[in-house]
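So this block is upload.cif, mmCIF, C-alpha atoms:
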data_entry
loop_
_atom_site.group_PDB
_atom_site.id
_atom_site.type_symbol
_atom_site.label_atom_id
_atom_site.label_comp_id
_atom_site.auth_asym_id
_atom_site.auth_seq_id
_atom_site.Cartn_x
_atom_site.Cartn_y
_atom_site.Cartn_z
ATOM 1 C CA MET A 176 62.574 99.209 125.931
ATOM 2 C CA THR A 177 65.216 96.529 126.073
ATOM 3 C CA ASN A 178 68.765 96.698 127.386
ATOM 4 C CA VAL A 179 71.288 94.506 125.636
ATOM 5 C CA ARG A 180 74.994 94.050 126.364
ATOM 6 C CA ILE A 181 77.102 93.127 123.355
ATOM 7 C CA PHE A 182 80.541 91.616 124.059
ATOM 8 C CA VAL A 183 83.238 91.849 121.375
ATOM 9 C CA THR A 184 86.520 89.930 121.648
ATOM 10 C CA TYR A 185 89.358 88.869 119.398
ATOM 11 C CA LYS A 186 88.944 85.419 117.879
ATOM 12 C CA GLN A 187 90.849 82.716 119.735
ATOM 13 C CA SER A 188 93.426 82.516 116.943
ATOM 14 C CA VAL A 189 94.298 86.219 117.155
ATOM 15 C CA PHE A 190 97.202 87.349 119.329
ATOM 16 C CA ASP A 191 95.963 89.825 121.945
ATOM 17 C CA PRO A 192 98.894 92.089 122.877
ATOM 18 C CA GLN A 193 96.919 93.947 125.568
ATOM 19 C CA GLY A 194 96.007 90.685 127.252
ATOM 20 C CA GLU A 195 99.635 89.518 127.205
ATOM 21 C CA THR A 196 100.845 92.793 128.724
ATOM 22 C CA ILE A 197 98.224 92.641 131.469
ATOM 23 C CA LYS A 198 99.087 89.010 132.169
ATOM 24 C CA THR A 199 102.712 90.010 132.728
ATOM 25 C CA ALA A 200 101.570 92.684 135.208
ATOM 26 C CA ILE A 201 99.363 90.156 137.019
ATOM 27 C CA HIS A 202 102.315 87.787 137.310
ATOM 28 C CA SER A 203 104.284 90.592 138.931
ATOM 29 C CA LEU A 204 101.508 90.749 141.555
ATOM 30 C CA GLY A 205 102.426 87.167 142.348
ATOM 31 C CA HIS A 206 99.445 85.511 140.665
ATOM 32 C CA ASP A 207 101.388 83.032 138.581
ATOM 33 C CA GLU A 208 98.304 80.823 138.388
ATOM 34 C CA VAL A 209 96.882 83.167 135.733
ATOM 35 C CA THR A 210 97.690 81.523 132.409
ATOM 36 C CA SER A 211 95.706 83.664 129.998
ATOM 37 C CA ILE A 212 93.990 87.034 129.812
ATOM 38 C CA LYS A 213 91.935 88.160 126.841
ATOM 39 C CA VAL A 214 90.794 91.755 126.612
ATOM 40 C CA GLY A 215 87.485 92.601 124.985
ATOM 41 C CA LYS A 216 84.933 95.368 125.056
ATOM 42 C CA PHE A 217 81.238 95.588 125.672
ATOM 43 C CA PHE A 218 78.493 97.911 124.476
ATOM 44 C CA ASP A 219 75.398 98.640 126.549
ATOM 45 C CA VAL A 220 72.646 99.250 124.038
ATOM 46 C CA THR A 221 69.135 100.400 124.840
ATOM 47 C CA LEU A 222 66.585 99.702 122.141
ATOM 48 C CA ALA A 223 63.022 100.917 121.763
ATOM 49 C CA ALA A 224 62.039 97.421 120.698
ATOM 50 C CA THR A 225 61.205 94.039 122.198
ATOM 51 C CA GLY A 226 61.323 90.342 121.320
ATOM 52 C CA SER A 227 62.614 89.193 117.967
ATOM 53 C CA ASP A 228 63.031 92.787 116.754
ATOM 54 C CA VAL A 229 65.775 93.186 119.359
ATOM 55 C CA VAL A 230 67.652 90.130 118.111
ATOM 56 C CA THR A 231 67.381 91.277 114.501
ATOM 57 C CA ALA A 232 68.613 94.763 115.342
ATOM 58 C CA VAL A 233 71.484 93.569 117.542
ATOM 59 C CA LYS A 234 72.700 91.143 114.898
ATOM 60 C CA GLU A 235 72.622 93.810 112.190
ATOM 61 C CA ILE A 236 74.432 96.361 114.349
ATOM 62 C CA ALA A 237 77.091 93.852 115.358
ATOM 63 C CA ASP A 238 77.545 92.448 111.860
ATOM 64 C CA GLN A 239 77.764 95.809 110.124
ATOM 65 C CA LEU A 240 79.633 97.946 112.628
ATOM 66 C CA LEU A 241 80.581 96.738 116.089
ATOM 67 C CA VAL A 242 82.472 93.628 115.003
ATOM 68 C CA ASN A 243 85.241 93.211 112.440
ATOM 69 C CA PHE A 244 84.858 89.553 111.569
ATOM 70 C CA ASN A 245 88.363 89.373 110.157
ATOM 71 C CA MET A 246 89.686 89.314 113.706
ATOM 72 C CA GLU A 247 86.785 89.570 116.156
ATOM 73 C CA THR A 248 83.762 87.657 117.342
ATOM 74 C CA TYR A 249 80.868 88.560 119.640
ATOM 75 C CA THR A 250 78.143 87.405 121.958
ATOM 76 C CA TYR A 251 75.263 89.335 123.453
ATOM 77 C CA GLN A 252 73.063 89.187 126.475
ATOM 78 C CA VAL A 253 69.554 90.599 126.804
ATOM 79 C CA MET A 254 69.755 92.274 130.204
ATOM 80 C CA GLU A 255 66.172 93.317 130.809
ATOM 81 C CA GLU A 256 62.948 94.271 129.097
ATOM 82 C CA ALA A 257 60.914 97.077 130.567
ATOM 83 C CA MET B 177 94.038 109.074 97.977
ATOM 84 C CA LEU B 178 93.088 108.410 101.563
ATOM 85 C CA PRO B 179 95.671 110.028 103.849
ATOM 86 C CA GLY B 180 96.849 109.092 107.309
ATOM 87 C CA GLY B 181 95.538 110.562 110.522
ATOM 88 C CA PHE B 182 93.223 109.423 113.248
ATOM 89 C CA SER B 183 89.764 109.884 111.795
ATOM 90 C CA TYR B 184 87.024 109.944 114.433
ATOM 91 C CA GLY B 185 89.650 109.440 117.128
ATOM 92 C CA ASP B 186 90.067 105.794 116.088
ATOM 93 C CA TYR B 187 86.882 105.152 118.088
ATOM 94 C CA LEU B 188 85.600 101.569 117.953
ATOM 95 C CA ARG B 189 88.430 100.487 115.623
ATOM 96 C CA ALA B 190 90.819 102.528 113.479
ATOM 97 C CA GLY B 191 88.952 103.440 110.293
ATOM 98 C CA ALA B 192 85.666 101.875 111.371
ATOM 99 C CA ILE B 193 83.660 105.092 111.557
ATOM 100 C CA ALA B 194 85.305 106.847 108.612
ATOM 101 C CA ARG B 195 83.817 104.325 106.244
ATOM 102 C CA PHE B 196 80.419 105.915 106.900
ATOM 103 C CA THR B 197 81.503 109.349 105.660
ATOM 104 C CA ASN B 198 79.696 110.867 102.690
ATOM 105 C CA ILE B 199 82.623 110.407 100.334
ATOM 106 C CA MET B 200 82.950 106.643 100.805
ATOM 107 C CA PRO B 201 80.261 105.568 98.309
ATOM 108 C CA ALA B 202 82.116 107.546 95.618
ATOM 109 C CA ILE B 203 85.441 105.932 96.585
ATOM 110 C CA ILE B 204 83.892 102.464 96.494
ATOM 111 C CA LYS B 205 82.400 103.278 93.078
ATOM 112 C CA MET B 206 85.822 104.411 91.818
ATOM 113 C CA ALA B 207 87.490 101.276 93.151
ATOM 114 C CA ASN B 208 84.870 99.044 91.555
ATOM 115 C CA ALA B 209 85.337 100.896 88.255
ATOM 116 C CA GLY B 210 89.023 99.965 88.321
ATOM 117 C CA LYS B 211 90.350 103.450 89.019
ATOM 118 C CA PRO B 212 93.392 103.801 91.293
ATOM 119 C CA VAL B 213 92.639 104.150 94.994
ATOM 120 C CA PHE B 214 95.487 104.547 97.458
ATOM 121 C CA GLY B 215 95.331 104.588 101.250
ATOM 122 C CA THR B 216 98.247 105.116 103.609
ATOM 123 C CA CYS B 217 98.171 104.496 107.362
ATOM 124 C CA ASN B 218 94.649 105.467 108.511
ATOM 125 C CA GLY B 219 93.697 105.344 104.831
ATOM 126 C CA PHE B 220 94.760 101.680 104.732
ATOM 127 C CA GLN B 221 92.707 100.996 107.863
ATOM 128 C CA ILE B 222 89.666 102.673 106.284
ATOM 129 C CA LEU B 223 90.055 100.631 103.076
ATOM 130 C CA THR B 224 90.045 97.366 105.058
ATOM 131 C CA GLU B 225 87.082 98.474 107.180
ATOM 132 C CA ALA B 226 85.204 99.422 104.000
ATOM 133 C CA GLY B 227 85.878 95.957 102.574
ATOM 134 C CA LEU B 228 87.925 97.278 99.647
ATOM 135 C CA LEU B 229 90.974 95.389 100.918
ATOM 136 C CA PRO B 230 91.069 92.045 102.756
ATOM 137 C CA GLY B 231 92.153 91.595 106.376
ATOM 138 C CA ALA B 232 92.373 94.085 109.221
ATOM 139 C CA LEU B 233 94.847 96.246 111.128
ATOM 140 C CA LYS B 234 95.101 95.636 114.849
ATOM 141 C CA ARG B 235 97.054 97.138 117.742
ATOM 142 C CA ASN B 236 100.848 96.918 117.427
ATOM 143 C CA ASP B 237 102.210 93.877 119.225
ATOM 144 C CA ASN B 238 104.319 96.074 121.523
ATOM 145 C CA GLN B 239 101.265 98.225 122.397
ATOM 146 C CA ARG B 240 103.128 101.385 121.424
ATOM 147 C CA PHE B 241 102.822 104.141 118.876
ATOM 148 C CA ILE B 242 105.808 103.666 116.566
ATOM 149 C CA CYS B 243 107.237 106.614 114.647
ATOM 150 C CA ARG B 244 110.440 106.043 112.682
ATOM 151 C CA THR B 245 111.844 105.256 109.254
ATOM 152 C CA ILE B 246 112.181 101.572 108.527
ATOM 153 C CA PRO B 247 113.394 99.403 105.657
ATOM 154 C CA LEU B 248 110.873 97.792 103.308
ATOM 155 C CA GLU B 249 111.115 95.364 100.435
ATOM 156 C CA VAL B 250 109.209 96.013 97.217
ATOM 157 C CA VAL B 251 107.667 92.590 96.714
ATOM 158 C CA ASN B 252 105.581 93.330 93.628
ATOM 159 C CA ASN B 253 106.768 95.987 91.172
ATOM 160 C CA GLN B 254 104.143 95.062 88.599
ATOM 161 C CA THR B 255 101.314 97.131 90.102
ATOM 162 C CA ILE B 256 100.287 100.548 88.781
ATOM 163 C CA PHE B 257 101.712 101.966 92.015
ATOM 164 C CA THR B 258 105.173 100.383 91.880
ATOM 165 C CA THR B 259 106.457 100.095 88.300
ATOM 166 C CA GLN B 260 109.242 102.608 88.992
ATOM 167 C CA TYR B 261 110.726 100.351 91.655
ATOM 168 C CA CYS B 262 112.879 97.295 91.046
ATOM 169 C CA SER B 263 111.670 93.895 92.138
ATOM 170 C CA ARG B 264 113.001 92.999 95.598
ATOM 171 C CA GLU B 265 114.357 96.551 95.958
ATOM 172 C CA ARG B 266 115.033 97.744 99.511
ATOM 173 C CA ILE B 267 113.601 101.164 100.294
ATOM 174 C CA ALA B 268 113.152 103.206 103.477
ATOM 175 C CA LEU B 269 109.857 104.848 104.441
ATOM 176 C CA PRO B 270 108.546 106.321 107.685
ATOM 177 C CA ILE B 271 105.845 104.643 109.725
ATOM 178 C CA ALA B 272 103.766 106.416 112.379
ATOM 179 C CA HIS B 273 101.007 104.275 113.841
ATOM 180 C CA ALA B 274 99.665 102.409 116.860
ATOM 181 C CA ASP B 275 97.313 100.085 114.963
ATOM 182 C CA GLY B 276 99.394 98.702 112.121
ATOM 183 C CA SER B 277 99.598 94.998 112.800
ATOM 184 C CA TYR B 278 98.183 93.368 109.690
ATOM 185 C CA TYR B 279 95.973 90.371 110.366
ATOM 186 C CA ALA B 280 94.086 88.015 108.076
ATOM 187 C CA ASP B 281 93.155 84.358 108.360
ATOM 188 C CA GLU B 282 95.382 81.747 106.732
ATOM 189 C CA GLU B 283 93.151 81.293 103.725
ATOM 190 C CA THR B 284 93.230 85.029 102.994
ATOM 191 C CA LEU B 285 97.016 85.165 103.470
ATOM 192 C CA ASP B 286 97.464 82.253 101.039
ATOM 193 C CA ARG B 287 95.269 84.014 98.513
ATOM 194 C CA LEU B 288 97.226 87.273 98.898
ATOM 195 C CA GLU B 289 100.498 85.460 98.245
ATOM 196 C CA ALA B 290 99.134 83.409 95.350
ATOM 197 C CA ASN B 291 97.778 86.520 93.599
ATOM 198 C CA ASN B 292 100.909 88.630 94.252
ATOM 199 C CA GLN B 293 98.817 91.078 96.255
ATOM 200 C CA VAL B 294 101.548 91.646 98.836
ATOM 201 C CA VAL B 295 103.307 94.762 97.506
ATOM 202 C CA PHE B 296 105.508 95.818 100.432
ATOM 203 C CA ARG B 297 107.013 93.815 103.280
ATOM 204 C CA TYR B 298 108.928 94.968 106.347
ATOM 205 C CA ALA B 299 112.510 94.005 105.502
ATOM 206 C CA ALA B 300 114.954 94.082 108.414
ATOM 207 C CA GLU B 301 112.489 93.958 111.303
ATOM 208 C CA ASN B 302 108.781 93.566 111.826
ATOM 209 C CA PRO B 303 107.856 96.667 113.832
ATOM 210 C CA ASN B 304 104.239 95.884 114.683
ATOM 211 C CA GLY B 305 103.616 92.129 114.473
ATOM 212 C CA SER B 306 102.067 92.111 111.002
ATOM 213 C CA LEU B 307 101.549 88.588 109.743
ATOM 214 C CA GLN B 308 104.081 87.584 107.067
ATOM 215 C CA ASN B 309 105.731 90.996 107.545
ATOM 216 C CA ILE B 310 103.032 92.576 105.398
ATOM 217 C CA ALA B 311 103.319 96.366 105.081
ATOM 218 C CA GLY B 312 101.121 96.940 102.019
ATOM 219 C CA ILE B 313 98.673 95.017 99.838
ATOM 220 C CA THR B 314 96.444 95.516 96.828
ATOM 221 C CA ASN B 315 93.019 94.164 96.072
ATOM 222 C CA GLU B 316 92.808 91.243 93.665
ATOM 223 C CA ARG B 317 92.325 93.522 90.661
ATOM 224 C CA GLY B 318 95.394 95.556 91.645
ATOM 225 C CA ASN B 319 93.837 99.022 91.500
ATOM 226 C CA VAL B 320 93.462 99.541 95.272
ATOM 227 C CA LEU B 321 96.638 99.794 97.373
ATOM 228 C CA GLY B 322 96.769 100.102 101.144
ATOM 229 C CA MET B 323 99.978 100.417 103.151
ATOM 230 C CA MET B 324 100.933 101.446 106.678
ATOM 231 C CA PRO B 325 104.193 103.268 105.735
ATOM 232 C CA HIS B 326 104.042 106.842 104.446
ATOM 233 C CA PRO B 327 105.508 107.299 100.944
ATOM 234 C CA GLU B 328 104.215 110.900 100.898
ATOM 235 C CA ARG B 329 106.570 111.707 103.754
ATOM 236 C CA ALA B 330 109.579 110.541 101.744
ATOM 237 C CA VAL B 331 109.507 112.629 98.586
ATOM 238 C CA GLU B 332 112.329 115.137 99.134
ATOM 239 C CA ALA B 333 115.900 114.728 100.339
ATOM 240 C CA ILE B 334 115.258 117.255 103.086
ATOM 241 C CA LEU B 335 112.653 114.858 104.537
ATOM 242 C CA GLY B 336 115.298 112.159 104.930
ATOM 243 C CA SER B 337 114.286 109.907 102.060
ATOM 244 C CA VAL B 338 113.006 110.170 98.500
ATOM 245 C CA ASP B 339 112.002 106.517 98.300
ATOM 246 C CA GLY B 340 108.282 107.316 98.340
ATOM 247 C CA LEU B 341 108.368 109.575 95.305
ATOM 248 C CA ARG B 342 108.458 106.776 92.755
ATOM 249 C CA LEU B 343 105.126 105.444 93.999
ATOM 250 C CA PHE B 344 103.456 108.643 92.834
ATOM 251 C CA LYS B 345 105.583 108.771 89.668
ATOM 252 C CA SER B 346 104.494 105.207 88.914
ATOM 253 C CA LEU B 347 100.873 106.271 89.212
ATOM 254 C CA LEU B 348 101.438 109.268 86.948
ATOM 255 C CA GLU B 349 103.294 107.174 84.396
ATOM 256 C CA ASN B 350 100.678 104.443 84.325
ATOM 257 C CA GLY B 351 97.819 106.935 84.281
ATOM 258 C CA LYS B 352 99.392 108.608 81.263
ATOM 259 C CA VAL B 353 99.901 105.337 79.437
ATOM 260 C CA ARG B 354 96.293 104.397 80.080
ATOM 261 C CA THR B 355 95.021 107.796 78.925
ATOM 262 C CA GLU B 356 97.024 107.607 75.697
ATOM 263 C CA ALA B 357 96.015 104.019 75.002
#
Structure encoded using structure tokens:
Amino acid sequence: MTNVRIFVTYKQSVFDPQGETIKTAIHSLGHDEVTSIKVGKFFDVTLAATGSDVVTAVKEIADQLLVNFNMETYTYQVMEEA
Amino acid sequence: MLPGGFSYGDYLRAGAIARFTNIMPAIIKMANAGKPVFGTCNGFQILTEAGLLPGALKRNDNQRFICRTIPLEVVNNQTIFTTQYCSRERIALPIAHADGSYYADEETLDRLEANNQVVFRYAAENPNGSLQNIAGITNERGNVLGMMPHPERAVEAILGSVDGLRLFKSLLENGKVRTEA
């Protein structure tokens, strides 16, 4: 079994309205040093696979469902193999 | 016709899960055969997620669900969906969405403009942050239309507007012409 965390975010060029709204709230806390906030999401995926099969599966799942490449991009992290 | 709504609770992204429903292969087959396919609101989102229309719909810039009637410009009245409108005509249709901000990269936007695929634009104001004020587009072939506004909610005077009716009349008219031809 392998646990993988897949992170999906807007591309840099895409305006992130949630991030902007949160940044405004952070400024009202007094943290004016915060210049940018980008909101994303992550998926904790457990696979009954190991090694290169994990990479293949994660890429297919991300490419075909989790990510809309018109506006989003992703990274992933293999958390642990057990 | 793909109606509005919030299929699968808009989980993941609006329209992202609906494209896996059993009917989608038949809709894709129809679209590829050149038959008319029309999606409004969630239907538009599903058509982009299914790859039948370019670009994507993201969260409204103001982060809010917007529900009101707004002015639109008919940009292209040469599609099978819009022949009963005048070019550059101003119409009013309701919108009711939280994820209606149209986004596509610059290359895609240039291609949409060059091929006259932008059919409707927000006229007086841009309610959701859509790039180039885009409210509705077709595919390159012109037989698939997606739009965030709801023409089906503007077909009787009692509903506040009849400006949506001619979209369906255009389809009927052009379907008839094609059948007779």
Next on the checklist: Could you tell me how far atom CA of Ser346 of chain B sits from atom CA of Phe214 of chain B, in Å to one decimal place?
Outcome noted: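 About the pair atom CA of Phe214 of chain B and atom CA of Ser346 of chain B: they are 12.4 Å apart.
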Based on all atoms listed in the file, which of the residues in chain A come within 8 Å of chain B? I want them as JSON, numbers by chain. {"A": [191, 192, 193, 240, 241, 243, 245, 246]}
Inset, instruction - Run the PyMOL selection byres ((chain B and resi 197-213) around 9) mentally over the shown coordinates, then write out the matched residues as a list of chain:residue names, using the chain letters and numbers from the document. - result: B:Met177, B:Leu178, B:Ile193, B:Ala194, B:Arg195, B:Phe196, B:Phe214, B:Gly215, B:Ala226, B:Leu228, B:Ile256, B:Phe257, B:Arg317, B:Gly318, B:Asn319, B:Val320, B:Leu321, B:Gly322, B:Leu347, B:Gly351
### Resolved residues for the PyMOL selection byres ((chain A and resi 224) around 10) as a PyMOL selection string
chain A and resi 176-178+221-223+225-230+232+256-257
Grab the residues selected above and save them as a tab-separated table (two decimals), keeping the file's coordinate frame with C-alpha atoms.
chain	number	residue	atom	x	y	z
A	176	MET	CA	62.57	99.21	125.93
A	177	THR	CA	65.22	96.53	126.07
A	178	ASN	CA	68.76	96.70	127.39
A	221	THR	CA	69.14	100.40	124.84
A	222	LEU	CA	66.58	99.70	122.14
A	223	ALA	CA	63.02	100.92	121.76
A	225	THR	CA	61.20	94.04	122.20
A	226	GLY	CA	61.32	90.34	121.32
A	227	SER	CA	62.61	89.19	117.97
A	228	ASP	CA	63.03	92.79	116.75
A	229	VAL	CA	65.78	93.19	119.36
A	230	VAL	CA	67.65	90.13	118.11
A	232	ALA	CA	68.61	94.76	115.34
A	256	GLU	CA	62.95	94.27	129.10
A	257	ALA	CA	60.91	97.08	130.57
Query - Which of B:Cys262, B:Arg287, B:His326, B:His273 sits closest to Asn304 of chain B [using all atoms listed in the file] - result: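 Closest candidate: B:His273.
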Please provide the set of residues having any atom within 8 Å of Gln293 of chain B, restricted to all atoms listed in the file, with same-chain residues fewer than 2 positions apart removed, written as a count of residues only.
11
field: atom CA of Thr255 of chain B to atom CA of Lys352 of chain B, straight-line distance in Å
entry: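 Rounded to one decimal, the two atoms are 14.6 Å apart.
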* Pairwise distance for atom CA of Gly276 of chain B and atom CA of Ser183 of chain B, rounded to one decimal in Å ->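 So the answer is 14.8 Å.
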- request: Please write as a list in words the full residue list that the PyMOL selection byres ((chain A and resi 212) around 10) yields on this file.
  value: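 Matching residues under the PyMOL selection byres ((chain A and resi 212) around 10) are Asp191, Pro192, Gln193, Gly194, Glu195, Thr196, Ile197, Lys198, Thr199, Ile201, Val209, Thr210, Ser211, Lys213, Val214 and Gly215 of chain A.
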- Message: Report as a PyMOL selection string all protein, DNA and RNA residues lying within 7 Å of Val251 of chain B, evaluated on all atoms listed in the file, omitting residues in the same chain fewer than 6 positions from it.
- Response: chain B and resi 263-264+294-297
Expected file contents, prior selection, C-alpha atoms, as a PDB file, in the coordinates of the input:
ATOM      1  CA  SER B 263     111.670  93.895  92.138  1.00  0.00           C
ATOM      2  CA  ARG B 264     113.001  92.999  95.598  1.00  0.00           C
ATOM      3  CA  VAL B 294     101.548  91.646  98.836  1.00  0.00           C
ATOM      4  CA  VAL B 295     103.307  94.762  97.506  1.00  0.00           C
ATOM      5  CA  PHE B 296     105.508  95.818 100.432  1.00  0.00           C
ATOM      6  CA  ARG B 297     107.013  93.815 103.280  1.00  0.00           C
TER       7      ARG B 297
END
Axis-aligned box for all listed atoms of segment 208-212 of chain A, 5 Å per side, centre and edges in Å to one decimal, as lines of an AutoDock Vina configuration file:
center_x = 96.1
center_y = 83.9
center_z = 134.1
size_x = 14.3
size_y = 16.2
size_z = 18.6
Q) Once you count all atoms listed in the file, which residues end up no further than 9 Å from (84.9, 95.9, 127.0) in the file's frame, shown as a list in words? A)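 In the file's frame, the residues around the point are Phe182, Val183, Thr184, Val214, Gly215, Lys216, Phe217 and Phe218 of chain A.
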